[in-house]
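Encoded as structure tokens, the structure appears first; notes follow it.
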Amino acid sequence: MANILCIGAGHVGGPTMAVIAKNCPQHRVVVVDVDAARVAAWQSDRLPIYEPGLDEIIHCTRGKNLFFSTEINRHIAEADIIFVSVNTPTKSFGQGAGKAADLQYWELAARQILENATTPKIVVEKSTVPVRTAEAMECILNSESGNGLHFDVVSNPEFMAEGTAIRDLEEPDRVLIGGPETPSGQKAVQAIVDIHARWVPRERIITTNLWSGELSKLAANAFLAQRISSINAISALCERTEADVNEVAHAVGLDGRIGPRFLRASVGFGGSCFKKDILNLVYLCEYYGLYEVATYWEQVVAMNEYQQQRFVSNMVYAMFNTVAHKRIALFGAAFKANTSDTRESPALVVCRALLDERADVVITDPYALENARFDLGEMAGQVTFEPDPYAAARDAHAIAILTEWSHFVDLDYAAIYESMVKPAFIFDGRNLLDRARLHEIGFNVYAIGKPPLTHFATTAPIR
Ligand code: NAD
Ligand code: UGA
């Protein structure tokens, strides 16, 4: 039996530890956080994040071998293995601002481990960190100021996606564990392998050196985001040429070398990680003098920003070059379906841009309105938050589909059309709805990467 601790009870810390606790009933798992409200929420019936399947798994583990706490120091002292899953946002100040990872929370956690440890420990990088972070961590943990204890630092990056976190954790494509090639480093790697081998087939658990472990995580996110930017780049060309991006993506994805997944054109990728991790990769390349490599990856983010801005420009252009004082209903605030997370959500980028155009914006979303209000900050005062999509669309000039929630598909669009100002527009940023059917109802339909279906003559904007 081992005492496992996770520092950071966020989107990663909570679900990953719940799955470990479920599959390793012999281990005691504690998740700690500095945020007392978050810990209280984990201890309550209303968990701090929405994630399908999470409630059930927390219900069957919490209080048995899974515990949430704010007593960080005490639990550090008791732990054998410490996962560090604190946030590593983009640095907003000083050297590398806007690109580099802000490692202050990581370093704080490491120093806290050092101060409170009375026995040797395995420290696991669960957060996404720049390659060679473990070197700095090892240096701090095994510093002279320490208490003579030995710490092994291993990398075990997390590949789960929000909205499918529990499935991804229960049946991962792979679990990656990177560690130092020293005997004690390899022993530490084996300890983390053994935990996962309780439920993950052994051939899906791969071990690498430390630096490959750290870099693979940044590379995987960059490759995934690159596919979205690639198909989004093609979507712009489709809109000018009457090609259909879904048909193109299907044809391209049938090539076994390319594969069909992650080729859904959209209003752009969001979420707390893709942009920050690519910018971090760009920063690392610049740091090592690899400027061409940096420029290559930076373009993935630039294309994403272009796609979001292009979506808003198309809206304004289609609606006769003005949306001022027009009610516009945004369907979706979350950065993807099945999550309440709105961090870097394209929906909020579109919202801000429409507010700048002086539109009257109303947002509807089944789970993410609270987070949207928080993330919009001062601008939230100018927005109406409406849980009912029918009420949101009433008297609106346009609807923009920004999150692919399945319940948006089943709405009565004929009734919605009746309640709207005419001509009524739908801008489908997720290719979620049946555009021929909407057009039949009377809507003017603009979908990503498809020719518009309108009831009046349109010309493509030249920009
Ligand atoms: P998050 O912001 O949801 O959670 C991080 C938590 O760490 C917060 O609750 C914060 O209060 C806590 N924290 C920070 N410093 C602390 C300290 N010194 N002691 C105790 N608690 C502390 O972040 P997240 O989404 O869970 O992401 C965590 C890491 O995992 C990031 O590096 C991220 O890039 C990576 N990651 C995230 C996802 C995802 O889907 N969100 C997936 C894979 C990897
Ligand atoms: C992503 C990765 O998929 C995870 O493997 C990784 O662990 C995680 O980042 C992380 O490091 O945080 P996540 O951001 O939660 O997971 O969700 P994704 O499913 O990757 O979607 C990201 C964004 O891309 C969403 O806005 C989604 O709508 C968009 N997307 C995704 C598209 O626009 N098209 C697609 O084909 C796929």
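In the structure tokens, the first chain shown is A, the next is B, and so on; residue numbers restart at 1 for each chain, and ligands run from 1 in the order shown.
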- Please identify which residues in stretch 156-276 of chain A DSSP calls helix (DSSP H, G or I) from the backbone, and express them as a VMD selection string. chain A and resid 165 to 170 183 to 196 202 to 204 210 to 241 245 to 253 274 to 276
Give the residue list for ligand 1 at 8 Å, counting only C-alpha atoms and all ligand atoms, as a short mmCIF file (atom, residue, chain, number, x, y, z; two decimals) with N, CA and C atoms, in the first residue's frame, sorted by chain and then by residue number.
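Heads up, here's the output in pocket35.cif:
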```
data_model
loop_
_atom_site.label_atom_id
_atom_site.label_comp_id
_atom_site.auth_asym_id
_atom_site.auth_seq_id
_atom_site.Cartn_x
_atom_site.Cartn_y
_atom_site.Cartn_z
N ILE A 7 -0.92 17.27 -5.64
CA ILE A 7 -1.00 18.70 -5.33
C ILE A 7 -1.67 19.37 -6.52
N GLY A 8 -2.84 19.95 -6.30
CA GLY A 8 -3.62 20.57 -7.39
C GLY A 8 -4.88 19.76 -7.64
N ALA A 9 -6.03 20.32 -7.20
CA ALA A 9 -7.31 19.60 -7.34
C ALA A 9 -8.11 20.21 -8.48
N GLY A 10 -7.46 20.30 -9.65
CA GLY A 10 -8.12 20.93 -10.79
C GLY A 10 -8.73 19.94 -11.74
N HIS A 11 -8.82 20.35 -13.02
CA HIS A 11 -9.44 19.50 -14.05
C HIS A 11 -8.67 18.21 -14.24
N VAL A 12 -7.36 18.24 -13.95
CA VAL A 12 -6.54 17.04 -14.11
C VAL A 12 -6.41 16.30 -12.77
N GLY A 13 -6.04 17.03 -11.72
CA GLY A 13 -5.80 16.39 -10.42
C GLY A 13 -7.00 15.59 -9.93
N GLY A 14 -8.19 16.19 -9.96
CA GLY A 14 -9.40 15.53 -9.44
C GLY A 14 -9.70 14.24 -10.21
N VAL A 32 -4.84 17.60 -2.68
CA VAL A 32 -4.83 18.84 -1.89
C VAL A 32 -4.79 20.05 -2.82
N ASP A 33 -5.28 21.17 -2.30
CA ASP A 33 -5.27 22.40 -3.09
C ASP A 33 -5.24 23.59 -2.14
N VAL A 34 -4.67 24.69 -2.62
CA VAL A 34 -4.67 25.92 -1.82
C VAL A 34 -6.04 26.59 -1.85
N ASP A 35 -6.84 26.23 -2.84
CA ASP A 35 -8.14 26.86 -3.03
C ASP A 35 -9.19 26.11 -2.18
N ARG A 38 -12.56 25.25 -3.74
CA ARG A 38 -12.50 24.14 -4.68
C ARG A 38 -12.49 22.80 -3.94
N THR A 70 -7.21 20.56 2.37
CA THR A 70 -6.38 21.78 2.22
C THR A 70 -5.12 21.67 3.09
N ILE A 72 -2.07 20.78 3.17
CA ILE A 72 -1.02 20.38 2.22
C ILE A 72 0.22 19.84 2.96
N SER A 85 0.12 18.54 -9.98
CA SER A 85 -0.80 18.84 -11.07
C SER A 85 -1.32 20.26 -10.95
N VAL A 86 -0.38 21.16 -10.65
CA VAL A 86 -0.77 22.57 -10.52
C VAL A 86 -0.83 23.20 -11.91
N ASN A 87 -1.41 24.38 -11.97
CA ASN A 87 -1.54 25.06 -13.26
C ASN A 87 -0.19 25.62 -13.72
N THR A 88 0.02 25.59 -15.03
CA THR A 88 1.26 26.12 -15.63
C THR A 88 0.86 27.06 -16.78
N PRO A 89 0.24 28.19 -16.43
CA PRO A 89 -0.30 29.07 -17.49
C PRO A 89 0.82 29.79 -18.25
N TYR A 105 3.98 28.28 -9.78
CA TYR A 105 3.17 27.38 -8.92
C TYR A 105 3.87 26.04 -8.76
N TRP A 106 4.51 25.61 -9.86
CA TRP A 106 5.26 24.35 -9.83
C TRP A 106 6.42 24.45 -8.83
N GLU A 107 7.15 25.57 -8.93
CA GLU A 107 8.32 25.70 -8.05
C GLU A 107 7.88 25.82 -6.58
N LEU A 108 6.78 26.55 -6.37
CA LEU A 108 6.26 26.66 -5.01
C LEU A 108 5.92 25.29 -4.43
N ALA A 109 5.28 24.48 -5.27
CA ALA A 109 4.90 23.13 -4.83
C ALA A 109 6.17 22.34 -4.48
N GLN A 112 7.54 23.46 -1.23
CA GLN A 112 6.69 23.01 -0.13
C GLN A 112 6.95 21.53 0.18
N LYS A 126 2.93 15.89 -13.33
CA LYS A 126 1.67 15.61 -14.02
C LYS A 126 1.30 16.84 -14.86
N SER A 127 1.62 18.01 -14.35
CA SER A 127 1.39 19.25 -15.11
C SER A 127 2.18 19.19 -16.41
N THR A 128 1.71 19.94 -17.40
CA THR A 128 2.47 20.07 -18.65
C THR A 128 3.55 21.13 -18.43
N VAL A 129 4.79 20.74 -18.66
CA VAL A 129 5.91 21.64 -18.34
C VAL A 129 6.89 21.71 -19.52
N PRO A 157 3.14 12.86 -18.06
CA PRO A 157 2.20 13.86 -18.57
C PRO A 157 0.82 13.26 -18.81
N GLU A 158 -0.18 14.13 -18.71
CA GLU A 158 -1.56 13.67 -18.85
C GLU A 158 -2.08 14.00 -20.25
N PHE A 159 -2.70 13.02 -20.90
CA PHE A 159 -3.21 13.21 -22.27
C PHE A 159 -4.73 13.26 -22.35
N MET A 160 -5.40 13.25 -21.19
CA MET A 160 -6.87 13.23 -21.26
C MET A 160 -7.40 14.55 -21.83
N ALA A 161 -8.58 14.43 -22.45
CA ALA A 161 -9.24 15.64 -22.95
C ALA A 161 -10.47 15.90 -22.09
N GLU A 162 -10.82 17.15 -21.92
CA GLU A 162 -12.02 17.47 -21.14
C GLU A 162 -13.25 17.00 -21.90
N ALA A 165 -12.82 12.93 -20.14
CA ALA A 165 -11.70 12.68 -19.22
C ALA A 165 -11.76 11.28 -18.61
N GLY A 271 -9.80 26.05 -25.16
CA GLY A 271 -9.31 25.23 -24.06
C GLY A 271 -8.05 25.82 -23.47
N SER A 272 -7.78 25.38 -22.24
CA SER A 272 -6.70 26.03 -21.49
C SER A 272 -5.32 25.63 -21.98
N CYS A 273 -5.23 24.61 -22.86
CA CYS A 273 -3.89 24.05 -23.10
C CYS A 273 -3.29 24.25 -24.49
N LYS A 276 -1.54 27.66 -25.02
CA LYS A 276 -0.44 27.90 -24.08
C LYS A 276 0.72 26.92 -24.33
N ASP A 277 0.38 25.67 -24.67
CA ASP A 277 1.45 24.68 -24.86
C ASP A 277 2.22 24.94 -26.16
#
```
- Which residues come within 9 Å of stretch 73-81 of chain A, counting only C-alpha atoms, excluding same-chain residues fewer than 4 positions away, as a list in words? Ala2, Asn3, Ile4, Leu5, Cys6, Ile7, Val30, Val31, Val32, Ser69, Gln112, Ile113, Glu115, Asn116, Ala117, Thr118, Thr119, Pro120, Lys121, Ile122, Val123, Val124, Ala191 and Ile192 of chain A
- Item | Contacts of A:Arg261 at 12 Å (only C-alpha atoms; same-chain gap of 3+ positions) as a PyMOL selection string | chain A and resi 224-225+227-228+231+249-250+252-258+264-265
- Among the residues A:Leu354, A:Leu218, A:Val383, A:Val29, the one that comes closest to ligand 2 [using only C-alpha atoms and all ligand atoms]: A:Leu218
- Non-local contacts of A:Ala324 (7 Å; only C-alpha atoms; under 6 positions in same chain excluded) as a ChimeraX atom specification: /A:357-359
Export of prior selection with N, CA and C atoms as a PDB file, in the first residue's frame:
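The resulting file, selection-v2.pdb, is reproduced below:
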```
ATOM      1  N   GLU A 357     -18.595  45.369 -31.643  1.00  0.00           N
ATOM      2  CA  GLU A 357     -19.438  45.836 -32.754  1.00  0.00           C
ATOM      3  C   GLU A 357     -20.768  46.401 -32.247  1.00  0.00           C
ATOM      4  N   ARG A 358     -20.900  46.451 -30.923  1.00  0.00           N
ATOM      5  CA  ARG A 358     -22.088  46.976 -30.240  1.00  0.00           C
ATOM      6  C   ARG A 358     -23.344  46.140 -30.459  1.00  0.00           C
ATOM      7  N   ALA A 359     -23.159  44.858 -30.646  1.00  0.00           N
ATOM      8  CA  ALA A 359     -24.317  43.964 -30.733  1.00  0.00           C
ATOM      9  C   ALA A 359     -24.865  43.726 -29.326  1.00  0.00           C
TER      10      ALA A 359
END
```
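Take the candidates A:Arg435, A:Lys275, A:Lys450, A:Arg310 and check each one against ligand 2 using only C-alpha atoms and all ligand atoms; the shortest distance goes to A:Lys275.
For A:Ile448, the list of residues within 7 Å, based on only C-alpha atoms and with local chain neighbours fewer than 2 positions off taken out, reads Ser235, Ala265, Ser266, Asp428, Gly429, Arg430, Asn431, Tyr446 and Lys450 of chain A.
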Do a neighbour search on A:Leu348 at 12 Å with only C-alpha atoms, toss out local chain neighbours closer than 2 positions, and write the hits as a short mmCIF file (atom, residue, chain, number, x, y, z; two decimals) with N, CA, C and O atoms, in the first residue's frame.
```
data_model
loop_
_atom_site.label_atom_id
_atom_site.label_comp_id
_atom_site.auth_asym_id
_atom_site.auth_seq_id
_atom_site.Cartn_x
_atom_site.Cartn_y
_atom_site.Cartn_z
N VAL A 267 -14.97 26.95 -35.48
CA VAL A 267 -14.70 28.38 -35.26
C VAL A 267 -13.32 28.57 -34.61
O VAL A 267 -12.89 29.70 -34.35
N GLY A 268 -12.62 27.48 -34.41
CA GLY A 268 -11.28 27.55 -33.83
C GLY A 268 -11.18 26.67 -32.61
O GLY A 268 -12.20 26.32 -32.01
N PHE A 269 -9.97 26.27 -32.28
CA PHE A 269 -9.80 25.47 -31.06
C PHE A 269 -9.69 26.38 -29.86
O PHE A 269 -9.19 27.50 -29.95
N GLY A 270 -10.21 25.88 -28.74
CA GLY A 270 -10.08 26.62 -27.47
C GLY A 270 -9.53 25.69 -26.42
O GLY A 270 -8.91 24.68 -26.73
N GLY A 271 -9.80 26.05 -25.16
CA GLY A 271 -9.31 25.23 -24.06
C GLY A 271 -8.05 25.82 -23.47
O GLY A 271 -7.35 26.60 -24.11
N GLN A 308 -11.10 32.54 -35.92
CA GLN A 308 -12.08 33.14 -35.01
C GLN A 308 -12.49 34.53 -35.52
O GLN A 308 -13.67 34.88 -35.56
N GLN A 309 -11.49 35.29 -35.95
CA GLN A 309 -11.75 36.65 -36.42
C GLN A 309 -12.53 36.61 -37.74
O GLN A 309 -13.46 37.39 -37.95
N VAL A 312 -16.30 36.05 -37.17
CA VAL A 312 -17.02 37.28 -36.79
C VAL A 312 -17.16 38.20 -38.00
O VAL A 312 -18.24 38.77 -38.24
N LEU A 330 -25.80 33.53 -28.92
CA LEU A 330 -24.67 32.62 -29.04
C LEU A 330 -25.06 31.29 -28.40
O LEU A 330 -25.35 31.24 -27.20
N PHE A 331 -25.11 30.24 -29.19
CA PHE A 331 -25.44 28.91 -28.67
C PHE A 331 -24.13 28.23 -28.28
O PHE A 331 -23.40 27.72 -29.13
N GLY A 332 -23.86 28.25 -27.00
CA GLY A 332 -22.64 27.62 -26.49
C GLY A 332 -21.65 28.64 -25.96
O GLY A 332 -21.41 29.69 -26.58
N ALA A 333 -21.11 28.32 -24.77
CA ALA A 333 -20.05 29.14 -24.17
C ALA A 333 -18.82 28.27 -23.90
O ALA A 333 -17.69 28.75 -23.93
N ALA A 334 -19.05 26.99 -23.65
CA ALA A 334 -17.94 26.08 -23.33
C ALA A 334 -17.02 25.93 -24.54
O ALA A 334 -17.47 26.07 -25.68
N PHE A 335 -15.75 25.61 -24.31
CA PHE A 335 -14.80 25.54 -25.44
C PHE A 335 -15.01 24.28 -26.27
O PHE A 335 -14.50 24.17 -27.39
N ASP A 341 -16.10 24.09 -18.91
CA ASP A 341 -14.90 24.92 -18.99
C ASP A 341 -15.02 25.95 -20.12
O ASP A 341 -15.37 25.59 -21.26
N THR A 342 -14.72 27.19 -19.83
CA THR A 342 -14.78 28.23 -20.87
C THR A 342 -13.41 28.87 -21.10
O THR A 342 -13.30 29.90 -21.76
N ARG A 343 -12.35 28.26 -20.57
CA ARG A 343 -11.03 28.87 -20.73
C ARG A 343 -10.64 28.89 -22.21
O ARG A 343 -10.74 27.88 -22.89
N GLU A 344 -10.24 30.05 -22.70
CA GLU A 344 -9.85 30.25 -24.11
C GLU A 344 -10.95 29.79 -25.07
O GLU A 344 -10.66 29.37 -26.20
N SER A 345 -12.19 29.86 -24.63
CA SER A 345 -13.27 29.38 -25.50
C SER A 345 -13.46 30.32 -26.69
O SER A 345 -13.58 31.54 -26.52
N PRO A 346 -13.53 29.76 -27.92
CA PRO A 346 -13.79 30.62 -29.08
C PRO A 346 -15.12 31.36 -28.92
O PRO A 346 -15.29 32.46 -29.45
N VAL A 350 -15.68 35.30 -29.80
CA VAL A 350 -16.73 35.80 -30.68
C VAL A 350 -17.60 36.80 -29.91
O VAL A 350 -17.95 37.87 -30.41
N CYS A 351 -17.91 36.45 -28.67
CA CYS A 351 -18.75 37.34 -27.83
C CYS A 351 -18.10 38.72 -27.69
O CYS A 351 -18.74 39.74 -27.92
N ARG A 352 -16.82 38.74 -27.35
CA ARG A 352 -16.13 40.03 -27.15
C ARG A 352 -16.12 40.83 -28.44
O ARG A 352 -16.35 42.05 -28.44
N ALA A 353 -15.85 40.15 -29.56
CA ALA A 353 -15.78 40.86 -30.85
C ALA A 353 -17.14 41.44 -31.21
O ALA A 353 -17.23 42.57 -31.73
N LEU A 354 -18.22 40.70 -30.91
CA LEU A 354 -19.56 41.22 -31.22
C LEU A 354 -19.93 42.38 -30.29
O LEU A 354 -20.60 43.34 -30.71
N LEU A 355 -19.47 42.32 -29.06
CA LEU A 355 -19.72 43.44 -28.14
C LEU A 355 -19.00 44.69 -28.66
O LEU A 355 -19.53 45.80 -28.60
N VAL A 361 -25.64 40.94 -27.08
CA VAL A 361 -25.30 39.52 -27.09
C VAL A 361 -26.01 38.78 -25.96
O VAL A 361 -26.02 39.23 -24.82
N VAL A 362 -26.60 37.64 -26.31
CA VAL A 362 -27.18 36.75 -25.30
C VAL A 362 -26.51 35.38 -25.48
O VAL A 362 -26.35 34.91 -26.61
N ILE A 363 -26.08 34.77 -24.37
CA ILE A 363 -25.40 33.47 -24.46
C ILE A 363 -26.23 32.41 -23.76
O ILE A 363 -26.73 32.63 -22.65
N THR A 364 -26.36 31.27 -24.42
CA THR A 364 -27.01 30.14 -23.77
C THR A 364 -26.07 28.94 -23.77
O THR A 364 -25.30 28.75 -24.71
N ALA A 368 -22.14 25.94 -18.81
CA ALA A 368 -20.95 26.81 -18.73
C ALA A 368 -21.26 28.30 -18.49
O ALA A 368 -20.36 29.12 -18.56
N LEU A 369 -22.52 28.64 -18.18
CA LEU A 369 -22.83 30.07 -18.07
C LEU A 369 -22.09 30.75 -16.91
O LEU A 369 -21.62 31.88 -17.04
N ASN A 371 -19.16 29.95 -15.60
CA ASN A 371 -17.76 30.18 -15.97
C ASN A 371 -17.63 31.27 -17.03
O ASN A 371 -16.68 32.05 -17.01
N ALA A 372 -18.60 31.33 -17.94
CA ALA A 372 -18.55 32.35 -19.00
C ALA A 372 -18.64 33.74 -18.36
O ALA A 372 -17.88 34.65 -18.70
N ARG A 373 -19.54 33.87 -17.41
CA ARG A 373 -19.71 35.17 -16.72
C ARG A 373 -18.39 35.57 -16.05
O ARG A 373 -17.94 36.70 -16.17
N PHE A 374 -17.77 34.59 -15.40
CA PHE A 374 -16.51 34.85 -14.70
C PHE A 374 -15.41 35.25 -15.70
O PHE A 374 -14.72 36.25 -15.53
N ASP A 375 -15.28 34.47 -16.78
CA ASP A 375 -14.19 34.70 -17.73
C ASP A 375 -14.36 35.99 -18.53
O ASP A 375 -13.38 36.59 -18.97
N LEU A 376 -15.61 36.42 -18.71
CA LEU A 376 -15.82 37.66 -19.49
C LEU A 376 -15.48 38.90 -18.66
O LEU A 376 -15.34 40.00 -19.20
N GLY A 377 -15.35 38.72 -17.35
CA GLY A 377 -14.94 39.83 -16.47
C GLY A 377 -15.88 41.01 -16.60
O GLY A 377 -17.10 40.86 -16.56
N MET A 379 -16.78 42.70 -19.07
CA MET A 379 -17.69 42.68 -20.23
C MET A 379 -18.98 41.91 -19.94
O MET A 379 -19.97 42.05 -20.67
N ALA A 380 -18.96 41.08 -18.88
CA ALA A 380 -20.13 40.24 -18.58
C ALA A 380 -21.37 41.11 -18.35
O ALA A 380 -22.49 40.70 -18.66
N VAL A 383 -23.70 41.47 -21.26
CA VAL A 383 -24.20 40.24 -21.89
C VAL A 383 -25.40 39.70 -21.11
O VAL A 383 -25.44 39.81 -19.89
N ALA A 400 -25.56 32.10 -33.46
CA ALA A 400 -24.24 31.54 -33.82
C ALA A 400 -24.03 30.28 -33.00
O ALA A 400 -24.11 30.32 -31.76
N LEU A 402 -21.70 27.87 -31.37
CA LEU A 402 -20.28 27.97 -31.02
C LEU A 402 -19.76 26.77 -30.23
O LEU A 402 -18.55 26.60 -30.09
N THR A 403 -20.68 25.98 -29.67
CA THR A 403 -20.26 24.75 -28.99
C THR A 403 -21.14 23.63 -29.53
O THR A 403 -22.34 23.83 -29.72
#
```
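Distance check against ligand 2 using only C-alpha atoms and all ligand atoms: of A:Glu404, A:Glu386, A:Glu171, A:Asp360, the minimum falls on A:Glu404.
Secondary structure by DSSP on the backbone puts the following residues of stretch 72-105 of chain A in strand (DSSP E): Ile81, Ile82, Phe83 and Val84 of chain A.
If you measure from each of A:Cys238, A:Val193, A:Val245, A:Leu47 to ligand 2 using only C-alpha atoms and all ligand atoms, the closest one turns out to be A:Val245.
Interatomic distance, atom CA of A:Glu440 against atom CA of A:Tyr413: 10.7 Å.
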